[in-house]
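Take a look at the structure set out below.
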Amino acid sequence: RYKSDGKGGVVGSRGTDSKKLYKDSREVLEMLSGAKIPMAAASRTDDPPMAKNLLKLFDIDKFFSFKEIYPGCKVNHFKQFRRNSRFDYKDMLFFDDEDRNIEEGSALGVTCILV
């Protein structure tokens, strides 16, 4: 499990395995939220409770109207986002750091950006 490191990041319970948000992530989320742009979070993690906990520890859970956090492929996540948000794939913008996720989203017509 993770806990806040008091400096904007989180650290594993044994003091190892620290995690931080990408630079400027919080500012971008705040700006989009202020502009009333709906946002979603997706993760294909094998540990959904841990991922949800990290969103809370980073204090970014509040920005996401839609969350799809479970093992599987991004196609399933995007299908749920479309069903729940009623946004068409062509109206979605997706950022990820894995090529396979970018490829899956792009194949649906989502605008995808590799970070």
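How things are named: the first chain in the structure tokens is A, the next is B, and so on; residues count from 1 in each chain; ligands count from 1 in the order shown.
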Within 12 Å of Asn101 in chain A, counting only C-alpha atoms, which residues qualify if same-chain residues fewer than 2 places away don't, as an mmCIF file with N, CA, C and O atoms, in the first residue's frame?
```cif
data_model
loop_
_atom_site.group_PDB
_atom_site.id
_atom_site.type_symbol
_atom_site.label_atom_id
_atom_site.label_comp_id
_atom_site.auth_asym_id
_atom_site.auth_seq_id
_atom_site.Cartn_x
_atom_site.Cartn_y
_atom_site.Cartn_z
ATOM 1 N N ALA A 42 -8.608 5.931 -16.845
ATOM 2 C CA ALA A 42 -8.653 4.520 -17.228
ATOM 3 C C ALA A 42 -7.344 3.859 -16.834
ATOM 4 O O ALA A 42 -6.280 4.443 -16.983
ATOM 5 N N SER A 43 -7.456 2.650 -16.328
ATOM 6 C CA SER A 43 -6.262 1.869 -16.010
ATOM 7 C C SER A 43 -6.587 0.398 -16.194
ATOM 8 O O SER A 43 -7.637 -0.065 -15.791
ATOM 9 N N ARG A 44 -5.634 -0.311 -16.788
ATOM 10 C CA ARG A 44 -5.803 -1.755 -16.949
ATOM 11 C C ARG A 44 -5.034 -2.506 -15.868
ATOM 12 O O ARG A 44 -4.612 -3.633 -16.053
ATOM 13 N N GLY A 72 -7.798 -5.582 -18.372
ATOM 14 C CA GLY A 72 -8.420 -5.740 -19.679
ATOM 15 C C GLY A 72 -7.790 -4.802 -20.677
ATOM 16 O O GLY A 72 -6.718 -4.263 -20.451
ATOM 17 N N CYS A 73 -8.490 -4.574 -21.760
ATOM 18 C CA CYS A 73 -7.941 -3.714 -22.806
ATOM 19 C C CYS A 73 -8.607 -2.342 -22.774
ATOM 20 O O CYS A 73 -9.702 -2.173 -22.245
ATOM 21 N N LYS A 74 -7.940 -1.381 -23.375
ATOM 22 C CA LYS A 74 -8.462 -0.024 -23.414
ATOM 23 C C LYS A 74 -9.754 0.053 -24.222
ATOM 24 O O LYS A 74 -10.576 0.929 -23.978
ATOM 25 N N VAL A 75 -9.938 -0.838 -25.164
ATOM 26 C CA VAL A 75 -11.181 -0.838 -25.946
ATOM 27 C C VAL A 75 -12.379 -0.934 -25.007
ATOM 28 O O VAL A 75 -13.361 -0.184 -25.151
ATOM 29 N N ASN A 76 -12.317 -1.811 -24.033
ATOM 30 C CA ASN A 76 -13.425 -1.941 -23.076
ATOM 31 C C ASN A 76 -13.610 -0.671 -22.262
ATOM 32 O O ASN A 76 -14.740 -0.248 -22.002
ATOM 33 N N HIS A 77 -12.495 -0.056 -21.862
ATOM 34 C CA HIS A 77 -12.590 1.206 -21.116
ATOM 35 C C HIS A 77 -13.289 2.270 -21.958
ATOM 36 O O HIS A 77 -14.197 2.960 -21.484
ATOM 37 N N PHE A 78 -12.855 2.416 -23.220
ATOM 38 C CA PHE A 78 -13.446 3.425 -24.091
ATOM 39 C C PHE A 78 -14.913 3.139 -24.390
ATOM 40 O O PHE A 78 -15.719 4.073 -24.469
ATOM 41 N N PHE A 94 -7.106 11.403 -25.501
ATOM 42 C CA PHE A 94 -6.547 10.410 -24.579
ATOM 43 C C PHE A 94 -5.033 10.541 -24.524
ATOM 44 O O PHE A 94 -4.363 10.611 -25.549
ATOM 45 N N PHE A 95 -4.488 10.599 -23.300
ATOM 46 C CA PHE A 95 -3.047 10.650 -23.076
ATOM 47 C C PHE A 95 -2.624 9.371 -22.376
ATOM 48 O O PHE A 95 -3.268 8.951 -21.415
ATOM 49 N N ASP A 96 -1.534 8.768 -22.824
ATOM 50 C CA ASP A 96 -1.045 7.547 -22.183
ATOM 51 C C ASP A 96 0.444 7.409 -22.457
ATOM 52 O O ASP A 96 0.978 8.003 -23.396
ATOM 53 N N ASP A 97 1.095 6.608 -21.628
ATOM 54 C CA ASP A 97 2.536 6.388 -21.795
ATOM 55 C C ASP A 97 2.862 4.995 -22.327
ATOM 56 O O ASP A 97 4.007 4.576 -22.300
ATOM 57 N N GLU A 98 1.843 4.292 -22.836
ATOM 58 C CA GLU A 98 2.065 2.964 -23.412
ATOM 59 C C GLU A 98 1.561 2.933 -24.853
ATOM 60 O O GLU A 98 0.402 3.251 -25.123
ATOM 61 N N ASP A 99 2.445 2.485 -25.752
ATOM 62 C CA ASP A 99 2.090 2.398 -27.174
ATOM 63 C C ASP A 99 0.846 1.555 -27.410
ATOM 64 O O ASP A 99 -0.011 1.919 -28.229
ATOM 65 N N GLU A 103 -2.463 2.693 -29.507
ATOM 66 C CA GLU A 103 -2.913 1.962 -30.701
ATOM 67 C C GLU A 103 -4.373 1.542 -30.576
ATOM 68 O O GLU A 103 -5.152 1.674 -31.532
ATOM 69 N N GLU A 104 -4.748 1.035 -29.401
ATOM 70 C CA GLU A 104 -6.133 0.586 -29.207
ATOM 71 C C GLU A 104 -7.113 1.747 -29.289
ATOM 72 O O GLU A 104 -8.176 1.633 -29.897
ATOM 73 N N GLY A 105 -6.778 2.864 -28.644
ATOM 74 C CA GLY A 105 -7.663 4.030 -28.693
ATOM 75 C C GLY A 105 -7.755 4.622 -30.083
ATOM 76 O O GLY A 105 -8.845 4.970 -30.553
ATOM 77 N N SER A 106 -6.624 4.724 -30.756
ATOM 78 C CA SER A 106 -6.597 5.279 -32.114
ATOM 79 C C SER A 106 -7.434 4.449 -33.075
ATOM 80 O O SER A 106 -8.109 5.000 -33.955
ATOM 81 N N ALA A 107 -7.413 3.133 -32.925
ATOM 82 C CA ALA A 107 -8.183 2.251 -33.797
ATOM 83 C C ALA A 107 -9.689 2.515 -33.681
ATOM 84 O O ALA A 107 -10.439 2.259 -34.628
ATOM 85 N N LEU A 108 -10.116 3.047 -32.535
ATOM 86 C CA LEU A 108 -11.544 3.378 -32.347
ATOM 87 C C LEU A 108 -11.894 4.768 -32.875
ATOM 88 O O LEU A 108 -13.069 5.108 -32.968
ATOM 89 N N VAL A 110 -10.362 7.548 -31.393
ATOM 90 C CA VAL A 110 -10.010 8.470 -30.307
ATOM 91 C C VAL A 110 -8.719 9.186 -30.695
ATOM 92 O O VAL A 110 -7.796 8.571 -31.240
ATOM 93 N N THR A 111 -8.621 10.482 -30.414
ATOM 94 C CA THR A 111 -7.366 11.209 -30.614
ATOM 95 C C THR A 111 -6.469 10.860 -29.445
ATOM 96 O O THR A 111 -6.802 11.130 -28.284
ATOM 97 N N CYS A 112 -5.334 10.231 -29.747
ATOM 98 C CA CYS A 112 -4.448 9.713 -28.700
ATOM 99 C C CYS A 112 -3.078 10.378 -28.768
ATOM 100 O O CYS A 112 -2.534 10.584 -29.852
ATOM 101 N N ILE A 113 -2.518 10.660 -27.600
ATOM 102 C CA ILE A 113 -1.208 11.294 -27.501
ATOM 103 C C ILE A 113 -0.336 10.466 -26.563
ATOM 104 O O ILE A 113 -0.709 10.238 -25.407
ATOM 105 N N LEU A 114 0.796 10.061 -27.073
ATOM 106 C CA LEU A 114 1.784 9.322 -26.277
ATOM 107 C C LEU A 114 2.603 10.319 -25.474
ATOM 108 O O LEU A 114 3.154 11.269 -26.026
ATOM 109 N N VAL A 115 2.639 10.128 -24.175
ATOM 110 C CA VAL A 115 3.428 11.027 -23.310
ATOM 111 C C VAL A 115 4.690 10.325 -22.831
ATOM 112 O O VAL A 115 4.771 9.128 -22.799
#
```
Taking the chain letters and numbering used in this document, name the residues of chain A that DSSP puts in helix (DSSP H, G or I), as a ChimeraX atom specification. /A:25-34,48-57,61-63,74-85,89-91,99-108
In terms of only C-alpha atoms, the residue from A:Arg26, A:Lys67, A:Lys3, A:Lys62 at minimal distance from Gln80 in chain A is A:Lys67
Tell me, which residues of range 10-103 of chain A carry DSSP strand (DSSP E or B), written as number ranges by chain? A: 10-12, 19, 40-43, 66-69, 93-96
Just want the 10 Å neighbourhood of Ser13 in chain A, counted on only C-alpha atoms, with same-chain residues fewer than 6 positions away dropped. Output as a ChimeraX atom specification. /A:1-4
Might you pull out every residue within 8 Å of range 5-9 of chain A, with only C-alpha atoms counted and same-chain residues fewer than 3 positions away left off, and present them as a list in words?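 So, after excluding close chain neighbours, the residues are Ser18, Lys19, Lys20, Leu21 and Phe58 of chain A.
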Selection near Ile60 in chain A, 8 Å with only C-alpha atoms, sequence-local residues under 4 positions removed, as a list in words: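 Within the cut-off, the hits are Arg26, Leu29, Leu55, Lys56 and Phe64 of chain A.
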Using Å and a single decimal, report how far CA of Ile37 in chain A sits from CA of Arg86 in chain A. 13.8 Å
Quick check, in Å to one decimal: how far apart do CA of Glu27 in chain A and CA of Asp59 in chain A lie? 12.3 Å
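Going from CA of Tyr70 in chain A over to CA of Pro49 in chain A, you cover 9.2 Å.
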Point out the residue among A:Leu54, A:Gly109, A:Ile69, A:Gly34 with the least atom-to-atom distance to Asp88 in chain A, counting only C-alpha atoms. A:Gly109
